[in-house]
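Here is the structure we will look at, set down as structure tokens.
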Amino acid sequence: MKEENRKQGYDFHEASRTETMTINMGPSHPATHGTVKFFLTLDGETIEDIDVEIGYLHRAFEKECEAQKWNGVFPYTDRLDYTASVLNNVGYAMTAEKLIGIEVPERCQYLRTMISEMARMSGHYTNVGAGALELGALTAFIYFIEARELLWDLIESVCGARLTHNYVRIGGLTNDLPDGFRENVKRVFAKNRKLWDDFDIMLTKNRIFLDRMRDTGGISQKDAIAWGFTGPCLRATGVPYDVRRAEPYLVYDRMNFDIPVGTTGDNFDRYLVRMEEIKQSMSIVEQCLEQMPDGPINVDDARWRMPSKDDSSTKMEPLIFHFKQVIEGPSIPVGEAYQAVEGANGELGYYLVSNGGGKPWKCRVRPPSFALTSALPLLVKGSLLADLIPTFDMINLIGGECDR
Amino acid sequence: MGDMNEEKKIEQGASDSEVMARAKAVLGPMGVMIHTHSQHGDDTLVVQAEDILKVMEFLHGDEGLKFDMMMDLTAVDYLGAEEVHPYLKPMNARFEVVYHLYSVEKNHRIRVKAPLTEESPYVNSITGIWVGADWFEREAFDLYGVVFRGHPNLKRILLYEDFEGHPLRKDYGKMKRQPLIGPVN
Amino acid sequence: MDTIIAFVKQPLVMEVLITLVKIGFIFGLTIGFFAPMLAWVERKQSAVMQDRVGANRAGVFGITVIGLLHSLADAIKLIFKEDFIPRGAERGLHTLAPALAVIPALVVFAVIPFGGQYTLWGHDVSLVIADLDVGILYVFAISSLATYGVVIAGWSSNNNWSLLGGLRASAQMFSYEVTMGLTIIGLIMYYQSLSLVDIVAKQENFWHWGIVWHFPAFVLFLACAVAENKRVPFDAPEAESELVAGYFTEYSGMKFVMFWTAEFIEMVSISGMCVALFFGGHHIPFLTQDFLLNALGDVFGPNWGGVIVMLIGIGVFITKLVILLVLQMTIRWTMPRFRYDQIMKLGWKMILPLSLCWIFLVGVGILTGVMPTP
């Protein structure tokens, strides 16, 4: 029968046969920004299968850290989640301090909390803004980029850098707040709140945006936990897990803030959770500034915190410690420690092993977006190609953090 | 060293956290544990690598512990630093697979470690218990060459397929160069 | 000399000459003026909306003319760019596609009146290139042709993203073709004509403007027209975050410019259609052409008065056009993008039934006399 048809020049089976299309999405694709490659099998527009390939931004973070003195690791941590780099600094410093067994002065804790929250805001601004951008809402994106720029001006005034802050040290910070910082915070936050409102008006109740975000990329609570989701993506499913609340570190136990949770775990809830967290972070920064005591910002122990330049160029003992720190590195006691902080994407854990030398024996970072990205096939399989975009955005794969 | 004191404390069971007490009570008689400590407040179990599935299943399923989230999985190469942990030398172990578990419901953590020798860097995959372990195991395989038996798709993740060696092993030189590879397709 | 004048004065030759002038005017207006100006407006308006400065670097000897020279710089750059045809592409069709996209956009203007009818020095001048009785049908027929350019571009590029873009574009444009036709059936019933010239002539009285009685139809028509033009929020065929650049991913240089120009010209033609259908064409509210002709004719004489009235008409038309263009730009810079299936759903399940409802309501209105026809 088939043969006959073919002879007549028409084969119904052949004519109605459909094929899937395999297509490489990335790494050079506007949505993947060179950091990831999706190997897609499409049936029409529906994603039949997806293979996520990461590693394009792998920079041998751990190997580099093992070759550095303990303090030399900080610039590398900056480049993990580069949208919120101070958070990585804080996490690493706290883990190292845990290994040593020292506690930083109160003012330092407040400053770390404050700058962490600013970094979180910056991370969320970038993520939510970029999410809007990739759905075509360029104007909304620019609003949040403006807010982020203003915020970066503040951070720059504190630590001299806009993107990779390198602000925290083991046992302290590089420097204290500049003059007039409080007034600047007041001014910038007023503008940020306005931009937040504008952004909110443009998108949160926008029907198109709702249609794109709602019921896409959803995940159940159980699955989210099994896949190791943390941060806004886990909270969007309704699990109120936040390291700041679950295991308060720094001065988070003295802060008054809410942990926003979602209900359905879809992209829209992730968006809402992040939007609310921006507001909460602003409030935490303000509380920090209110409660912050005066006092030193560094531990008074030259074995861990390098003496100031003034001291080391005029006094003998600080000079010795300075020399030893630079040549040998702080000899952190033998042992291992894991400390988690709440990163912009979720639990940012550091696992450090010291063999008593001046360099970390092992410097492992638990990247939140690594776990999130690994679940991407689960989130998008069976949905449309267009849904991959908001889902991938709200997962917030930061190449620097995921690939390290 | 601080470890000695820690160990003494563990034997007495005086200041054990609830998690540690429960884990010891059940896993102790099973004979899978090599060592425990709570350095810096991080409860740690060191278990036989071949028993890792048994241990993990218990930690995951036990009503009192309920470790429902596999937070982190990595490996450590102790080549040349075996003195860091007292149990490494006697076992002739070089690697350690380190699991960090967390219970969302109970809000507690535990660290499980499985020492491996250089000759047989094999450990069973825990992807059957926590699906999220998939990529973490691939990463440990990629960078340390630890082989996870029963993993559904154990291939390199951060590096490319043609990469030679496992770069985070301590005997992989910092400045070592890789041969150039041509275009893949 | 005399023979030339005599030749020119033949009615047929005169007719041809006037038509050529009108065509030249339309070409100049769209390609020469609106396409580069819209590129500038798009940059500057978005900058204003986004609290930025916008393009202001391109300049000659330091004169930047608020960024206007960027269009010129773009043109120079794009002319000198390599014309790249990917390996495995269908060379002929790949080259033909941009032309297929840009020509329909231009040709649509033939039936859009950009002024009224005037008698100047004994000649009847009608400011429309072709006064077709079925002008509206012509517009739809031609704009469906634009689909071919897009689909062929997507298919001939030998690129999967282009193909996906082309497929999306074909489905979207065909669907919205149907819907767009239905949205203005009510209007056709109301004006009882398919000729755009007639429709504009009937809008001399402000209370007979399309927008007054047919506001819902205007909203639906504009939505369909933007979808037809594949601009945000309906730009799924070229969604840069999904399909790289959709059907024109593999185009560079002047071929790329042709797609780009086609989009801008289509914006102008959409606005032109809206002005003709809903905003009274060249008419000024509450001011009839006869009144103007009389008033100005008294001062300047009937011929020059007519010329001035004609220029005023063109000015009014272009002003309305620009307002609608700015509206379209504002939509473009405000909205995120629909998903492809949502576009189809909107077209078939929302706009189509709504326009059918509107046709019914208009029918009832006309029959019962609630909606007085002009």
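Ordering of the structure tokens sets the chain letters (A, B, ...); residue numbers start at 1 within each chain; ligands are numbered from 1 in the order shown.
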
Q) Could you list, as a ChimeraX atom specification, every residue of chain A that has an atom within 8 Å of an atom of chain B, counting only C-alpha atoms? A) /A:53-56,58,62-63,67,98-99,101,225-228,241,246,334-338,354-355,362,364,366,370-371,374-375,403

Q | Distance query Pro98 of chain C at most 8 Å, only C-alpha atoms, self and fewer than 5 positions along chain excluded, as JSON, numbers by chain | A | {"C": [149, 150, 153, 255, 256, 258, 259]}

(Q) Using only C-alpha atoms, which protein or nucleic acid residues come within 9 Å of segment 342-349 of chain A? Drop anything in the same chain fewer than 6 positions from it, and give the result as number ranges by chain. (A) A: 81, 83-84, 87-88, 91-92, 95, 116, 119-124, 229-234, 242-244, 364-369, 372, 395-398; B: 71-72

Keeping only N, CA and C atoms, write the selected residues as a short mmCIF file (atom, residue, chain, number, x, y, z; two decimals), in the first residue's frame.
```cif
data_model
loop_
_atom_site.label_atom_id
_atom_site.label_comp_id
_atom_site.auth_asym_id
_atom_site.auth_seq_id
_atom_site.Cartn_x
_atom_site.Cartn_y
_atom_site.Cartn_z
N ASP A 81 29.32 35.51 43.02
CA ASP A 81 28.09 36.17 42.62
C ASP A 81 28.43 37.66 42.49
N THR A 83 26.97 40.06 41.24
CA THR A 83 25.93 41.08 41.42
C THR A 83 25.76 41.41 42.90
N ALA A 84 26.30 40.58 43.77
CA ALA A 84 26.17 40.83 45.21
C ALA A 84 27.45 40.38 45.87
N LEU A 87 28.43 39.86 49.85
CA LEU A 87 27.88 38.70 50.55
C LEU A 87 28.88 37.54 50.54
N ASN A 88 29.57 37.39 49.41
CA ASN A 88 30.57 36.32 49.34
C ASN A 88 31.74 36.61 50.26
N GLY A 91 30.62 35.82 53.84
CA GLY A 91 30.55 34.38 54.09
C GLY A 91 31.92 33.79 54.31
N TYR A 92 32.86 34.16 53.47
CA TYR A 92 34.20 33.59 53.60
C TYR A 92 34.86 34.04 54.90
N THR A 95 33.47 32.25 57.89
CA THR A 95 33.90 30.87 58.02
C THR A 95 35.32 30.80 58.55
N SER A 116 25.92 43.73 53.54
CA SER A 116 25.35 42.51 52.97
C SER A 116 23.98 42.79 52.38
N ALA A 119 24.19 44.59 49.22
CA ALA A 119 24.58 43.68 48.15
C ALA A 119 23.38 42.84 47.73
N ARG A 120 22.58 42.41 48.69
CA ARG A 120 21.41 41.61 48.34
C ARG A 120 20.46 42.44 47.46
N MET A 121 20.29 43.71 47.85
CA MET A 121 19.43 44.58 47.03
C MET A 121 19.98 44.66 45.61
N SER A 122 21.29 44.85 45.52
CA SER A 122 21.89 44.97 44.19
C SER A 122 21.67 43.69 43.39
N GLY A 123 21.83 42.54 44.05
CA GLY A 123 21.59 41.27 43.36
C GLY A 123 20.17 41.14 42.90
N HIS A 124 19.23 41.51 43.77
CA HIS A 124 17.82 41.39 43.39
C HIS A 124 17.43 42.39 42.31
N PHE A 229 16.93 23.44 46.56
CA PHE A 229 16.60 24.85 46.35
C PHE A 229 16.78 25.61 47.66
N THR A 230 17.33 26.80 47.57
CA THR A 230 17.37 27.68 48.74
C THR A 230 17.06 29.08 48.25
N GLY A 231 16.97 29.99 49.19
CA GLY A 231 16.78 31.39 48.82
C GLY A 231 15.40 31.67 48.25
N PRO A 232 15.29 32.75 47.48
CA PRO A 232 13.98 33.18 46.99
C PRO A 232 13.23 32.07 46.25
N CYS A 233 13.94 31.22 45.53
CA CYS A 233 13.26 30.17 44.77
C CYS A 233 12.61 29.15 45.70
N LEU A 234 13.24 28.88 46.83
CA LEU A 234 12.61 27.96 47.79
C LEU A 234 11.48 28.68 48.52
N ASP A 242 15.24 30.73 55.58
CA ASP A 242 16.15 31.83 55.31
C ASP A 242 17.23 31.73 56.38
N VAL A 243 18.49 31.64 55.94
CA VAL A 243 19.56 31.44 56.92
C VAL A 243 19.56 32.58 57.94
N ARG A 244 19.17 33.76 57.51
CA ARG A 244 19.17 34.91 58.43
C ARG A 244 18.22 34.68 59.59
N ARG A 364 35.89 25.51 49.75
CA ARG A 364 34.74 25.10 48.95
C ARG A 364 33.64 26.12 49.16
N VAL A 365 32.98 26.51 48.07
CA VAL A 365 31.80 27.34 48.24
C VAL A 365 30.62 26.57 47.72
N ARG A 366 29.54 26.63 48.48
CA ARG A 366 28.32 25.96 48.07
C ARG A 366 27.52 26.97 47.26
N PRO A 367 27.52 26.87 45.94
CA PRO A 367 26.87 27.89 45.13
C PRO A 367 25.37 27.61 45.03
N PRO A 368 24.55 28.54 45.50
CA PRO A 368 23.10 28.29 45.43
C PRO A 368 22.59 28.09 44.01
N SER A 369 23.13 28.85 43.06
CA SER A 369 22.52 28.75 41.72
C SER A 369 22.93 27.47 41.01
N LEU A 372 20.10 25.25 41.85
CA LEU A 372 18.90 25.72 41.16
C LEU A 372 18.96 25.36 39.68
N ILE A 395 15.52 31.72 38.04
CA ILE A 395 16.49 30.82 38.67
C ILE A 395 17.74 31.62 39.00
N ASN A 396 17.98 32.62 38.19
CA ASN A 396 19.11 33.53 38.39
C ASN A 396 20.44 32.81 38.41
N LEU A 397 20.75 32.21 37.29
CA LEU A 397 22.07 31.62 37.17
C LEU A 397 23.09 32.74 37.01
N ILE A 398 23.97 32.85 38.01
CA ILE A 398 25.07 33.79 37.89
C ILE A 398 26.28 32.95 37.51
N MET B 71 22.57 19.73 51.19
CA MET B 71 22.98 21.11 50.97
C MET B 71 24.21 21.18 50.09
N ASP B 72 25.19 20.37 50.40
CA ASP B 72 26.45 20.49 49.66
C ASP B 72 27.13 19.14 49.62
#
```

**Q.** Sel. of strand (DSSP E or B) residues, segment 114-287 of chain C, as a PyMOL selection string
**A.** chain C and resi 117-120+123-126+284+287

(Q) Set the cut-off to 9 Å and count only C-alpha atoms: what are the residues of chain C that reach chain A? Output as an MDAnalysis selection string. (A) chainID C and resid 46:47 49:52 160:161 164 232:233 235:236 239:244 332:342

Q. Near Asn298 of chain A, counting only C-alpha atoms, which residues have an atom at most 8 Å away, once you skip same-chain residues fewer than 3 positions from it, shown as a PyMOL selection string?
A. chain A and resi 104-105+108+171-173+305

Written selection (C-alpha atoms) as a tab-separated table (two decimals), in the first residue's frame:
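What landed in selection-v4.tsv:
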```tsv
chain	number	residue	atom	x	y	z
A	104	VAL	CA	34.52	40.57	65.35
A	105	PRO	CA	33.55	43.78	67.18
A	108	CYS	CA	31.94	45.46	62.38
A	171	GLY	CA	38.67	39.76	61.64
A	172	GLY	CA	37.33	43.02	60.34
A	173	LEU	CA	36.80	45.30	57.41
A	305	ARG	CA	43.82	41.16	61.21
```

Q: Find the distance between atom CA of Tyr87 of chain B and atom CA of Lys69 of chain A and write it in Å to one decimal.
A: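 Distance between the two atoms: 26.9 Å.
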
As a PDB file with C-alpha atoms, in the first residue's frame, which residues of segment 19-125 of chain B does DSSP assign to alpha helix (DSSP H)?
```pdb
ATOM      1  CA  VAL B  19      21.269  15.332  66.298  1.00  0.00           C
ATOM      2  CA  MET B  20      24.583  13.868  67.274  1.00  0.00           C
ATOM      3  CA  ALA B  21      23.100  11.850  70.081  1.00  0.00           C
ATOM      4  CA  ARG B  22      20.429  10.401  67.863  1.00  0.00           C
ATOM      5  CA  ALA B  23      22.868   9.639  65.050  1.00  0.00           C
ATOM      6  CA  LYS B  24      25.274   7.995  67.426  1.00  0.00           C
ATOM      7  CA  ALA B  25      22.576   5.963  69.082  1.00  0.00           C
ATOM      8  CA  VAL B  26      21.469   4.413  65.813  1.00  0.00           C
ATOM      9  CA  LEU B  27      24.565   4.422  63.658  1.00  0.00           C
ATOM     10  CA  GLY B  28      26.954   3.427  66.455  1.00  0.00           C
ATOM     11  CA  PRO B  29      25.656  -0.144  66.800  1.00  0.00           C
ATOM     12  CA  MET B  30      25.590  -0.529  63.026  1.00  0.00           C
ATOM     13  CA  ILE B  52      27.286   5.598  52.826  1.00  0.00           C
ATOM     14  CA  LEU B  53      23.915   4.622  51.418  1.00  0.00           C
ATOM     15  CA  LYS B  54      22.866   2.988  54.669  1.00  0.00           C
ATOM     16  CA  VAL B  55      23.869   6.060  56.639  1.00  0.00           C
ATOM     17  CA  MET B  56      22.218   8.471  54.252  1.00  0.00           C
ATOM     18  CA  GLU B  57      19.021   6.519  54.085  1.00  0.00           C
ATOM     19  CA  PHE B  58      18.831   6.595  57.851  1.00  0.00           C
ATOM     20  CA  LEU B  59      19.591  10.302  58.078  1.00  0.00           C
ATOM     21  CA  HIS B  60      17.060  11.073  55.379  1.00  0.00           C
ATOM     22  CA  GLY B  61      14.316   8.823  56.608  1.00  0.00           C
ATOM     23  CA  LEU B  88      43.086   9.337  57.754  1.00  0.00           C
ATOM     24  CA  LYS B  89      46.552   7.821  58.200  1.00  0.00           C
ATOM     25  CA  PRO B  90      45.462   4.513  59.733  1.00  0.00           C
ATOM     26  CA  MET B  91      42.976   4.008  56.908  1.00  0.00           C
TER      27      MET B  91
END
```

**Q.** Best match for closeness to Gln203 of chain C among C:Asn229, C:Thr330, C:Thr288, C:Thr64, counting only C-alpha atoms
**A.**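 Under the stated criterion, the closest residue is C:Thr288.
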
Q: For atom CA of Pro240 of chain A and atom CA of Thr264 of chain A, quote the distance in Å rounded to one decimal.
A: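 Interatomic distance, atom CA of Pro240 of chain A to atom CA of Thr264 of chain A: 13.2 Å.
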
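The environment of segment 24-26 of chain C within 10 Å, counting only C-alpha atoms and disregarding residues fewer than 5 places along the same chain, consists of Ile18, Thr19, Ile31, Gly32, Phe33, Leu106, Val107, Phe109, Ala110, Phe114, Val128 and Ile129 of chain C.
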
Could those selected residues go to a file with C-alpha atoms, as a PDB file, in the first residue's frame?
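In the end it all went to out_11.pdb:
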```pdb
ATOM      1  CA  ILE C  18       0.715  64.808 -10.599  1.00  0.00           C
ATOM      2  CA  THR C  19       0.681  61.138  -9.654  1.00  0.00           C
ATOM      3  CA  ILE C  31      11.714  56.447   3.472  1.00  0.00           C
ATOM      4  CA  GLY C  32      13.322  59.839   3.500  1.00  0.00           C
ATOM      5  CA  PHE C  33      11.720  61.365   6.547  1.00  0.00           C
ATOM      6  CA  LEU C 106       5.416  51.092   0.946  1.00  0.00           C
ATOM      7  CA  VAL C 107       2.699  50.166  -1.497  1.00  0.00           C
ATOM      8  CA  PHE C 109       0.290  54.081   1.054  1.00  0.00           C
ATOM      9  CA  ALA C 110      -1.206  54.179  -2.441  1.00  0.00           C
ATOM     10  CA  PHE C 114      -3.122  62.384   2.968  1.00  0.00           C
ATOM     11  CA  VAL C 128      -4.247  60.120  -2.735  1.00  0.00           C
ATOM     12  CA  ILE C 129      -2.180  58.128  -5.179  1.00  0.00           C
TER      13      ILE C 129
END
```

Q.
Which residues are near Pro285 of chain C? Cut-off 8 Å, only C-alpha atoms, ignore same chain within fewer than 5 positions. Put them as a count of residues only.
A. 3

Q | Separation of atom CA of His165 of chain A from atom CA of Ser85 of chain A in Å | A | 6.4 Å
